[in-house]
$ cat my_file-v8.cif   # mmCIF, C-alpha atoms and all ligand atoms
data_model
loop_
_atom_site.label_atom_id
_atom_site.label_comp_id
_atom_site.auth_asym_id
_atom_site.auth_seq_id
_atom_site.Cartn_x
_atom_site.Cartn_y
_atom_site.Cartn_z
CA MET A 1 -13.43 -17.56 -23.33
CA ARG A 2 -11.33 -19.15 -20.62
CA LEU A 3 -12.92 -17.16 -17.81
CA GLU A 4 -16.42 -18.33 -18.67
CA THR A 5 -15.35 -21.92 -19.04
CA SER A 6 -13.83 -21.96 -15.61
CA LEU A 7 -16.81 -20.17 -14.10
CA ARG A 8 -19.29 -22.62 -15.45
CA GLY A 9 -17.31 -25.82 -15.36
CA LYS A 10 -16.95 -28.34 -12.57
CA TRP A 11 -14.01 -27.52 -10.43
CA THR A 12 -12.15 -30.16 -8.50
CA GLY A 13 -9.38 -29.22 -6.16
CA THR A 14 -6.76 -31.35 -4.54
CA GLY A 15 -5.42 -31.16 -1.04
CA THR A 16 -6.09 -32.42 2.43
CA PRO A 17 -8.23 -35.57 2.26
CA GLY A 18 -11.33 -35.63 4.37
CA ALA A 19 -12.57 -32.16 3.40
CA THR A 20 -14.26 -33.45 0.24
CA VAL A 21 -17.93 -32.61 -0.13
CA ALA A 22 -19.20 -33.83 -3.46
CA GLY A 23 -21.65 -31.63 -5.29
CA ARG A 24 -21.33 -28.65 -2.99
CA PRO A 25 -18.56 -26.32 -1.98
CA GLY A 26 -16.24 -27.81 0.59
CA ALA A 27 -14.76 -26.47 3.77
CA VAL A 28 -13.35 -22.99 3.67
CA PRO A 29 -10.02 -23.29 5.36
CA ARG A 30 -10.29 -21.30 8.58
CA ALA A 31 -6.88 -19.90 7.72
CA ALA A 32 -8.49 -18.11 4.78
CA CYS A 33 -10.88 -16.24 7.07
CA ASN A 34 -8.13 -15.57 9.52
CA ALA A 35 -5.86 -14.29 6.77
CA LEU A 36 -8.55 -11.85 5.72
CA SER A 37 -9.06 -10.56 9.21
CA ARG A 38 -5.37 -10.41 10.04
CA GLY A 39 -4.23 -9.17 6.67
CA ARG A 40 -1.84 -12.07 6.11
CA THR A 41 -1.28 -13.91 2.90
CA GLY A 42 0.51 -17.16 2.36
CA ARG A 43 -0.18 -20.84 1.89
CA GLY A 44 -2.62 -22.51 4.23
CA PRO A 45 -4.27 -25.89 4.50
CA ALA A 46 -5.96 -26.92 1.30
CA ALA A 47 -9.40 -28.44 0.89
CA ARG A 48 -10.76 -30.68 -1.83
CA TYR A 49 -14.11 -29.87 -3.24
CA THR A 50 -16.27 -30.08 -6.31
CA THR A 51 -18.58 -27.26 -7.15
CA GLY A 52 -20.67 -25.83 -9.95
CA LEU A 53 -19.93 -22.12 -10.08
CA ALA A 54 -22.28 -20.79 -12.72
CA PRO A 55 -23.22 -17.21 -11.94
CA PRO A 56 -26.83 -16.81 -10.83
CA PRO A 57 -29.38 -15.98 -13.49
CA LEU A 58 -30.46 -12.36 -13.29
CA GLY A 59 -33.95 -11.38 -12.24
CA GLY A 60 -36.93 -10.72 -14.50
CA PRO A 61 -39.20 -12.79 -16.64
CA SER A 62 -38.13 -16.30 -17.54
CA PRO A 63 -37.25 -16.44 -21.26
CA ARG A 64 -38.95 -19.83 -21.52
CA THR A 65 -42.23 -19.21 -19.77
CA GLY A 66 -42.52 -15.42 -19.75
CA THR A 67 -43.47 -15.60 -16.06
CA THR A 68 -41.49 -13.80 -13.37
CA VAL A 69 -39.18 -16.12 -11.49
CA THR A 70 -38.89 -15.55 -7.76
CA GLN A 71 -35.24 -15.73 -6.87
CA THR A 72 -33.35 -16.49 -3.75
CA PRO A 73 -31.77 -13.23 -2.60
CA ALA A 74 -28.01 -12.95 -2.87
CA LEU A 75 -28.07 -11.65 0.69
CA GLU A 76 -30.85 -11.80 3.20
CA VAL A 77 -30.35 -10.33 6.64
CA ARG A 78 -33.07 -10.63 9.28
CA ASP A 79 -33.25 -8.83 12.59
CA LEU A 80 -29.49 -8.77 13.00
CA ARG A 81 -28.20 -7.51 16.33
CA LYS A 82 -24.71 -6.98 17.55
CA ILE A 83 -23.64 -5.90 20.99
CA TYR A 84 -19.85 -5.74 21.35
CA ASP A 85 -18.23 -6.91 24.58
CA ASN A 86 -17.85 -3.31 25.74
CA GLY A 87 -21.63 -2.88 25.53
CA THR A 88 -21.73 -0.93 22.24
CA GLU A 89 -24.94 -1.81 20.43
CA ALA A 90 -23.67 -1.60 16.85
CA LEU A 91 -26.66 -3.24 15.13
CA LYS A 92 -30.16 -2.89 16.53
CA GLY A 93 -32.23 -5.29 14.45
CA VAL A 94 -31.09 -4.82 10.87
CA SER A 95 -33.07 -6.47 8.08
CA LEU A 96 -32.32 -6.13 4.39
CA SER A 97 -32.38 -8.05 1.17
CA VAL A 98 -30.13 -7.83 -1.88
CA ALA A 99 -31.28 -9.39 -5.15
CA PRO A 100 -28.96 -11.59 -7.20
CA GLY A 101 -27.12 -9.58 -9.83
CA ASP A 102 -27.73 -6.34 -7.97
CA PHE A 103 -25.28 -3.50 -7.46
CA PHE A 104 -26.15 -2.41 -3.95
CA ALA A 105 -24.95 0.51 -1.86
CA LEU A 106 -24.77 0.47 1.91
CA LEU A 107 -24.54 4.04 3.13
CA GLY A 108 -24.17 5.49 6.55
CA PRO A 109 -22.15 7.97 8.59
CA ASN A 110 -19.08 6.99 10.64
CA GLY A 111 -19.93 4.46 13.30
CA ALA A 112 -23.33 3.61 11.77
CA GLY A 113 -22.63 -0.13 11.75
CA LYS A 114 -21.62 -0.77 8.13
CA SER A 115 -18.38 -2.60 8.85
CA THR A 116 -20.02 -4.54 11.65
CA LEU A 117 -22.72 -5.69 9.25
CA ILE A 118 -20.19 -6.61 6.57
CA GLY A 119 -18.04 -8.32 9.19
CA ILE A 120 -20.95 -10.49 10.29
CA VAL A 121 -21.97 -11.34 6.72
CA SER A 122 -18.41 -12.38 5.90
CA SER A 123 -17.92 -14.32 9.14
CA LEU A 124 -15.27 -12.06 10.64
CA VAL A 125 -17.58 -10.87 13.43
CA ASN A 126 -20.08 -12.94 15.44
CA ALA A 127 -23.64 -11.68 15.56
CA SER A 128 -25.45 -11.46 18.90
CA SER A 129 -28.65 -12.63 17.22
CA GLY A 130 -30.40 -12.67 13.86
CA GLU A 131 -30.13 -14.48 10.58
CA VAL A 132 -27.90 -14.10 7.53
CA ARG A 133 -28.36 -16.07 4.34
CA ILE A 134 -26.16 -15.89 1.30
CA PHE A 135 -27.91 -17.24 -1.78
CA GLY A 136 -30.14 -19.12 0.65
CA VAL A 137 -27.21 -20.63 2.53
CA ASP A 138 -27.37 -20.04 6.28
CA ARG A 139 -24.26 -18.14 7.34
CA LEU A 140 -24.25 -19.78 10.76
CA ALA A 141 -25.45 -23.33 10.12
CA GLN A 142 -23.49 -23.72 6.86
CA ARG A 143 -20.76 -21.22 7.49
CA GLU A 144 -18.17 -22.72 5.18
CA ASP A 145 -20.56 -23.11 2.25
CA ALA A 146 -21.72 -19.53 2.74
CA MET A 147 -18.14 -18.27 2.85
CA ARG A 148 -17.41 -19.92 -0.47
CA LEU A 149 -19.96 -17.61 -2.08
CA ILE A 150 -18.45 -14.37 -0.80
CA GLY A 151 -15.46 -12.30 -1.84
CA LEU A 152 -14.53 -9.56 0.61
CA VAL A 153 -12.50 -6.45 -0.10
CA PRO A 154 -11.79 -4.88 3.29
CA GLN A 155 -11.16 -1.18 3.63
CA GLU A 156 -7.52 -1.45 4.62
CA LEU A 157 -4.85 -2.62 2.21
CA ASN A 158 -3.94 -5.93 3.75
CA PHE A 159 -1.88 -7.85 1.22
CA ASN A 160 1.80 -8.54 1.73
CA MET A 161 3.55 -5.52 0.21
CA PHE A 162 6.73 -7.58 -0.23
CA GLU A 163 5.01 -10.04 -2.52
CA LYS A 164 4.47 -9.62 -6.23
CA PRO A 165 0.82 -9.18 -7.29
CA PHE A 166 0.89 -12.52 -9.11
CA ASP A 167 2.07 -14.30 -5.95
CA VAL A 168 -0.45 -12.42 -3.80
CA LEU A 169 -3.24 -13.90 -5.90
CA VAL A 170 -1.82 -17.40 -6.23
CA ASN A 171 -1.09 -17.66 -2.52
CA TYR A 172 -4.56 -16.40 -1.64
CA ALA A 173 -6.06 -19.08 -3.89
CA GLY A 174 -3.93 -21.59 -1.98
CA PHE A 175 -5.78 -20.70 1.22
CA TYR A 176 -9.00 -21.67 -0.47
CA GLY A 177 -7.68 -24.96 -1.76
CA ILE A 178 -7.64 -23.93 -5.40
CA PRO A 179 -5.16 -26.16 -7.26
CA ARG A 180 -2.00 -24.33 -8.18
CA ALA A 181 -2.38 -24.87 -11.93
CA GLN A 182 -5.85 -23.35 -11.77
CA ALA A 183 -4.65 -20.52 -9.55
CA LEU A 184 -1.92 -19.59 -12.04
CA VAL A 185 -4.48 -19.28 -14.83
CA ARG A 186 -6.89 -17.30 -12.70
CA ALA A 187 -4.22 -14.98 -11.38
CA GLU A 188 -3.39 -13.99 -14.95
CA GLU A 189 -7.07 -13.53 -15.80
CA GLU A 190 -7.78 -11.41 -12.76
CA LEU A 191 -4.67 -9.27 -13.11
CA LYS A 192 -5.58 -8.61 -16.73
CA ARG A 193 -9.16 -7.76 -15.83
CA ALA A 194 -7.87 -5.31 -13.20
CA GLN A 195 -5.38 -3.92 -15.74
CA LEU A 196 -2.51 -4.95 -13.53
CA TRP A 197 -0.86 -7.51 -15.76
CA PRO A 198 2.09 -5.22 -16.61
CA LYS A 199 2.75 -5.03 -12.84
CA ALA A 200 2.21 -8.72 -12.13
CA PHE A 201 5.83 -9.41 -11.25
CA THR A 202 6.87 -6.19 -9.56
CA MET A 203 6.98 -5.79 -5.79
CA GLY A 204 3.53 -4.97 -4.34
CA ARG A 205 4.73 -1.96 -2.39
CA THR A 206 5.82 -0.22 -5.62
CA LEU A 207 2.26 -0.17 -6.97
CA SER A 208 0.36 3.12 -6.97
CA GLY A 209 -2.53 3.58 -4.53
CA GLY A 210 -5.11 2.85 -7.21
CA MET A 211 -3.25 -0.25 -8.36
CA LYS A 212 -3.09 -1.57 -4.81
CA ARG A 213 -6.84 -1.17 -4.49
CA ARG A 214 -7.43 -2.96 -7.79
CA LEU A 215 -5.16 -5.74 -6.57
CA MET A 216 -7.40 -6.18 -3.51
CA ILE A 217 -10.38 -6.61 -5.83
CA ALA A 218 -8.51 -9.03 -8.09
CA ARG A 219 -7.55 -11.07 -5.02
CA ALA A 220 -11.15 -11.29 -3.81
CA LEU A 221 -12.21 -12.51 -7.25
CA MET A 222 -9.76 -15.42 -7.22
CA THR A 223 -12.37 -17.63 -5.54
CA ARG A 224 -14.98 -16.64 -8.15
CA PRO A 225 -17.41 -15.30 -5.51
CA ARG A 226 -21.05 -14.89 -6.45
CA LEU A 227 -21.27 -11.99 -4.01
CA LEU A 228 -18.52 -9.40 -3.88
CA ILE A 229 -18.56 -7.11 -0.83
CA LEU A 230 -16.39 -4.00 -0.75
CA ASP A 231 -15.95 -1.87 2.35
CA GLU A 232 -15.18 1.65 1.16
CA PRO A 233 -12.99 0.53 -1.73
CA THR A 234 -12.44 4.06 -3.00
CA ALA A 235 -11.85 5.82 0.33
CA GLY A 236 -9.21 8.49 -0.02
CA VAL A 237 -8.39 7.88 -3.68
CA ASP A 238 -8.52 10.62 -6.29
CA ILE A 239 -11.36 10.97 -8.75
CA GLU A 240 -9.44 9.47 -11.68
CA ILE A 241 -8.60 6.30 -9.77
CA ARG A 242 -12.13 6.17 -8.44
CA ARG A 243 -13.56 6.32 -11.93
CA GLY A 244 -11.24 3.52 -13.04
CA MET A 245 -12.49 1.43 -10.13
CA TRP A 246 -16.09 2.20 -11.00
CA ASP A 247 -15.48 0.81 -14.49
CA LEU A 248 -13.89 -2.32 -13.06
CA LEU A 249 -16.74 -2.87 -10.61
CA SER A 250 -19.34 -2.24 -13.31
CA ASP A 251 -17.67 -4.88 -15.49
CA ILE A 252 -17.61 -7.36 -12.63
CA ASN A 253 -21.29 -6.73 -11.94
CA ALA A 254 -22.19 -6.95 -15.63
CA ALA A 255 -20.51 -10.37 -15.73
CA GLY A 256 -23.08 -11.61 -13.17
CA THR A 257 -21.48 -11.00 -9.77
CA THR A 258 -23.67 -9.34 -7.17
CA VAL A 259 -21.84 -6.36 -5.70
CA ILE A 260 -22.40 -4.70 -2.33
CA LEU A 261 -20.46 -1.55 -1.66
CA THR A 262 -20.14 0.74 1.30
CA THR A 263 -19.07 4.23 0.43
CA HIS A 264 -18.97 7.74 1.77
CA TYR A 265 -19.00 9.13 -1.76
CA LEU A 266 -22.65 9.56 -2.44
CA GLU A 267 -22.20 10.35 -6.10
CA GLU A 268 -20.47 6.98 -6.35
CA ALA A 269 -23.54 5.22 -4.99
CA GLU A 270 -25.83 7.26 -7.21
CA SER A 271 -23.95 6.53 -10.39
CA LEU A 272 -23.17 2.86 -9.75
CA CYS A 273 -25.88 1.31 -7.63
CA ARG A 274 -29.43 0.27 -8.45
CA ASN A 275 -30.54 -0.27 -4.86
CA LEU A 276 -29.43 1.07 -1.54
CA ALA A 277 -29.84 0.96 2.19
CA ILE A 278 -28.99 3.78 4.54
CA ILE A 279 -27.94 2.66 7.99
CA ASP A 280 -27.67 4.98 10.94
CA HIS A 281 -27.01 4.21 14.60
CA GLY A 282 -27.37 0.52 13.90
CA ARG A 283 -30.75 0.80 12.19
CA ILE A 284 -31.79 0.77 8.55
CA VAL A 285 -33.47 4.10 7.92
CA GLU A 286 -34.04 3.68 4.18
CA HIS A 287 -33.95 0.68 1.85
CA GLY A 288 -35.08 0.32 -1.75
CA PRO A 289 -34.39 1.13 -5.39
CA MET A 290 -32.19 4.20 -5.81
CA LYS A 291 -34.74 5.98 -8.03
CA GLN A 292 -37.62 5.29 -5.68
CA VAL A 293 -35.67 6.43 -2.66
CA LEU A 294 -34.53 9.60 -4.38
CA ALA A 295 -38.08 10.29 -5.53
CA LYS A 296 -39.03 10.58 -1.86
CA LEU A 297 -37.21 13.84 -1.79
CA ASP A 298 -39.90 16.45 -2.10
CA VAL A 299 -37.39 19.16 -2.93
CA GLU A 300 -35.53 19.68 -6.18
CA ALA A 301 -32.48 21.84 -6.66
CA PHE A 302 -31.24 23.39 -9.90
CA VAL A 303 -28.12 25.24 -10.87
CA LEU A 304 -28.64 28.13 -13.31
CA ASP A 305 -25.78 29.58 -15.36
CA LEU A 306 -26.44 33.24 -16.14
CA GLU A 307 -25.80 35.14 -19.37
CA THR A 308 -24.69 38.27 -17.56
CA PRO A 309 -23.42 38.86 -14.02
CA LEU A 310 -26.08 39.21 -11.39
CA ALA A 311 -26.51 42.98 -10.94
CA HIS A 312 -29.42 43.33 -8.54
CA GLY A 313 -30.87 41.28 -5.74
CA LEU A 314 -32.25 37.76 -5.95
CA PRO A 315 -35.82 37.21 -7.17
CA GLN A 316 -38.49 36.35 -4.65
CA VAL A 317 -40.77 33.36 -5.23
CA GLU A 318 -42.80 32.00 -2.37
CA GLY A 319 -41.67 28.46 -1.49
CA ALA A 320 -38.43 28.66 -3.50
CA VAL A 321 -35.04 29.53 -2.12
CA PHE A 322 -32.48 31.27 -4.34
CA SER A 323 -28.80 31.45 -3.52
CA THR A 324 -25.70 32.55 -5.43
CA ARG A 325 -22.64 30.42 -6.06
CA ASP A 326 -20.88 33.27 -7.84
CA ASP A 327 -22.06 36.27 -9.87
CA HIS A 328 -22.72 34.04 -12.91
CA THR A 329 -24.32 31.11 -11.11
CA LEU A 330 -27.58 30.85 -9.20
CA GLU A 331 -29.02 27.93 -7.30
CA VAL A 332 -32.68 27.42 -6.65
CA GLU A 333 -34.31 24.92 -4.32
CA MET A 334 -38.02 24.38 -4.79
CA PRO A 335 -40.76 21.88 -3.95
CA ARG A 336 -41.17 19.18 -6.61
CA SER A 337 -44.77 20.22 -7.04
CA MET A 338 -43.84 23.79 -7.98
CA ASP A 339 -44.13 24.83 -11.64
CA LEU A 340 -40.73 25.77 -13.04
CA ASN A 341 -42.39 28.48 -15.12
CA ARG A 342 -42.94 30.48 -11.92
CA ILE A 343 -39.20 30.50 -11.38
CA PHE A 344 -38.48 31.60 -14.94
CA ALA A 345 -41.17 34.27 -14.82
CA ALA A 346 -39.59 35.72 -11.67
CA LEU A 347 -36.14 35.58 -13.23
CA SER A 348 -37.34 37.41 -16.37
CA GLU A 349 -39.05 40.02 -14.26
CA ALA A 350 -35.79 40.60 -12.39
CA GLY A 351 -33.99 40.97 -15.76
CA ILE A 352 -31.95 37.81 -15.20
CA ARG A 353 -31.23 35.82 -18.36
CA VAL A 354 -30.42 32.14 -17.94
CA ARG A 355 -27.95 30.55 -20.37
CA SER A 356 -28.23 26.94 -19.14
CA MET A 357 -29.67 24.95 -16.31
CA ARG A 358 -28.93 21.60 -14.69
CA THR A 359 -30.14 19.51 -11.80
CA LYS A 360 -27.96 19.85 -8.77
CA SER A 361 -26.35 16.44 -8.49
CA ASN A 362 -26.11 16.01 -4.74
CA ARG A 363 -29.65 14.76 -4.30
CA LEU A 364 -28.46 11.63 -2.57
CA GLU A 365 -26.40 13.72 -0.22
CA GLU A 366 -29.47 15.73 0.61
CA LEU A 367 -31.44 12.57 1.29
CA PHE A 368 -28.61 11.09 3.30
CA MET A 369 -28.39 14.17 5.48
CA ARG A 370 -32.11 14.13 6.14
CA MET A 371 -32.27 10.44 6.94
CA THR A 372 -29.31 10.47 9.26
CA GLN A 373 -30.56 13.68 10.91
CA ALA A 374 -33.84 11.87 11.56
CA GLY A 375 -31.79 9.06 13.14
CA ARG A 376 -29.91 11.53 15.35
CA ASP A 377 -33.18 13.13 16.45
CA ALA A 378 -34.60 9.70 17.34
CA VAL A 379 -31.49 8.82 19.36
CA ALA A 380 -31.63 12.17 21.16
CA LYS A 381 -35.32 11.54 22.00
CA GLU A 382 -34.48 8.04 23.25
CA ALA A 383 -31.76 9.51 25.44
CA GLU A 384 -34.15 12.14 26.84
CA ALA A 385 -36.87 9.59 27.62
N1 LIG A 401 -14.49 -4.37 17.98
C1 LIG A 401 -15.31 -3.47 18.48
N2 LIG A 401 -15.50 -3.38 19.81
C2 LIG A 401 -16.35 -2.46 20.32
N3 LIG A 401 -17.06 -1.60 19.59
C3 LIG A 401 -16.91 -1.64 18.26
C4 LIG A 401 -16.01 -2.57 17.64
N4 LIG A 401 -16.07 -2.38 16.29
C5 LIG A 401 -16.93 -1.37 16.11
N5 LIG A 401 -17.45 -0.92 17.28
C6 LIG A 401 -18.43 0.12 17.45
O1 LIG A 401 -19.62 -0.24 16.77
C7 LIG A 401 -20.22 0.88 16.14
C8 LIG A 401 -20.32 0.62 14.64
O2 LIG A 401 -19.00 0.58 14.11
P1 LIG A 401 -18.69 0.21 12.58
O3 LIG A 401 -17.24 0.06 12.45
O4 LIG A 401 -19.56 -0.96 12.21
O5 LIG A 401 -19.23 1.51 11.84
P2 LIG A 401 -19.07 1.95 10.30
O6 LIG A 401 -20.44 2.29 9.84
O7 LIG A 401 -18.32 0.94 9.56
O8 LIG A 401 -18.23 3.30 10.45
P3 LIG A 401 -17.11 3.93 9.45
O9 LIG A 401 -17.86 4.62 8.36
O10 LIG A 401 -16.42 4.92 10.34
O11 LIG A 401 -16.20 2.84 8.98
C9 LIG A 401 -19.34 2.08 16.49
O12 LIG A 401 -19.90 2.70 17.62
C10 LIG A 401 -18.00 1.46 16.83
O13 LIG A 401 -17.30 2.24 17.76
MG MG A 402 -16.46 0.95 8.51
#

$ encode --input "my_file-v8.cif" --output "structure tokens" --more "lines below"
Ligand SMILES: Nc1ncnc2c1ncn2[C@@H]1O[C@H](COP(=O)(O)OP(=O)(O)OP(=O)(O)O)[C@@H](O)[C@H]1O
Ligand SMILES: [Mg+2]
Amino acid sequence: MRLETSLRGKWTGTGTPGATVAGRPGAVPRAACNALSRGRTGRGPAARYTTGLAPPPLGGPSPRTGTTVTQTPALEVRDLRKIYDNGTEALKGVSLSVAPGDFFALLGPNGAGKSTLIGIVSSLVNASSGEVRIFGVDRLAQREDAMRLIGLVPQELNFNMFEKPFDVLVNYAGFYGIPRAQALVRAEEELKRAQLWPKAFTMGRTLSGGMKRRLMIARALMTRPRLLILDEPTAGVDIEIRRGMWDLLSDINAAGTTVILTTHYLEEAESLCRNLAIIDHGRIVEHGPMKQVLAKLDVEAFVLDLETPLAHGLPQVEGAVFSTRDDHTLEVEMPRSMDLNRIFAALSEAGIRVRSMRTKSNRLEELFMRMTQAGRDAVAKEAEA
């Protein structure tokens, strides 16, 4: 398959002499970073480099030895602090680690520090202090090498709407010094992967909202990043488009790219991501595997569909809270330790017959609310002290 060949093969660009670094990625043209931050596309200075771009092996036991291989994290952030010029302390000592191959969610309310963190990782924002390593490469000391490993999809649509998608991708590749012949091949591959090939040569502004978002992802993938970072890629798009994007991102992750995603849609994080961090007021308040984090919730909630409309009052069970959604649907919240039979016994006694039952799916939302509430309480205490 052409995609795999180009991912694994040696890749030699042509362009401005003097930027050649044999055996490792070369200089990221500053124009490329600037273009990302300013939302410009076009042709910038080219660099020449040679690099091996095989995707990282995924974690787990080594097939040869059977022993577990310790791997360099895709992203390692240590004690990161950011104080903006106006005195806002956006990050107050953030540390987190993302494993290679992971699909990682970064959650947090408005103003929590997500974009600041992403901005620092992708070199668009300067940190006040702390360390960032991308696949072991120091973001500060080896900035250009680190940048080579990252693809960023910012929240705002920032491609040139008067360009055709094919040109958007080819020109973007030009910023990174990718030879034109290679860029043409990749642009076709990426547009096909994003299901945009039929729109490749139509004006960007005529694309639908979902197509524009997919184009942003395709553009970020032109440099074959090992780490793809998306800042609220599905904000404000309808559920159908969102689901299409989930499929695309799952495919990208399955092909070996580590994905970090910020989102306000908690069901998105729950269905896509294996690990997560919750950030609030510039601090990480939760960090770990999704299942483990969710298991910390000591309360479970169920939705019960009733055979017949609810005629009388709600049953009483100590420790459980019943509520009605409508006359055919009950919700019950109960401690994890509580035996479900107690609930059903009380329902039978009250003459309520249950047709079906499901777990209420907003567990992550529940957790999120608790964690961020804890953060707000801590900030309020700090302010009082
Ligand atoms: N350029 C800036 N100058 C000053 N303060 C800033 C700047 N950018 C962000 N901030 C502040 O830093 C804090 C964190 O902002 P940030 O944009 O990182 O949050 P966020 O988690 O991405 O929020 P959202 O979910 O709304 O995008 C906020 O208080 C914000 O006002
Ligand atoms: Mg943000």

$ atom_distance --input "my_file-v8.cif" --atom1 "atom CA of Thr72 of chain A" --atom2 "atom CA of Ala255 of chain A"
18.6 Å

$ atom_distance --input "my_file-v8.cif" --atom1 "atom CA of His312 of chain A" --atom2 "atom CA of Asp326 of chain A"
13.2 Å

$ closest_atom_pairs --input "my_file-v8.cif" --of "chain A" --to "ligand LIG 401 (chain A)" --cutoff "7 Å" --atoms "only C-alpha atoms and all ligand atoms" --output "CSV"
residue,atom,partner,partner_atom,distance
A:Tyr84,CA,A:LIG401,C2,4.9
A:Asp85,CA,A:LIG401,C2,6.4
A:Asn86,CA,A:LIG401,C2,5.7
A:Thr88,CA,A:LIG401,N3,5.4
A:Glu89,CA,A:LIG401,O1,6.6
A:Ala90,CA,A:LIG401,O1,4.3
A:Gly108,CA,A:LIG401,O6,5.9
A:Pro109,CA,A:LIG401,O9,5.4
A:Asn110,CA,A:LIG401,O10,3.4
A:Gly111,CA,A:LIG401,O5,3.4
A:Ala112,CA,A:LIG401,O6,3.7
A:Gly113,CA,A:LIG401,O4,3.2
A:Lys114,CA,A:LIG401,O6,3.7
A:Ser115,CA,A:LIG401,O7,3.6
A:Thr116,CA,A:LIG401,O4,3.7
A:Leu117,CA,A:LIG401,O4,6.4

$ atom_distance --input "my_file-v8.cif" --atom1 "atom CA of Gln292 of chain A" --atom2 "atom CA of Arg274 of chain A"
10.0 Å

$ closest_residue --input "my_file-v8.cif" --among "A:Met338, A:Thr206, A:Asp102, A:Ile118" --to "Leu249 of chain A" --atoms "all atoms listed in the file"
A:Asp102

$ closest_residue --input "my_file-v8.cif" --among "A:Gly256, A:Ala105, A:His281, A:Thr329" --to "Lys92 of chain A" --atoms "all atoms listed in the file"
A:His281
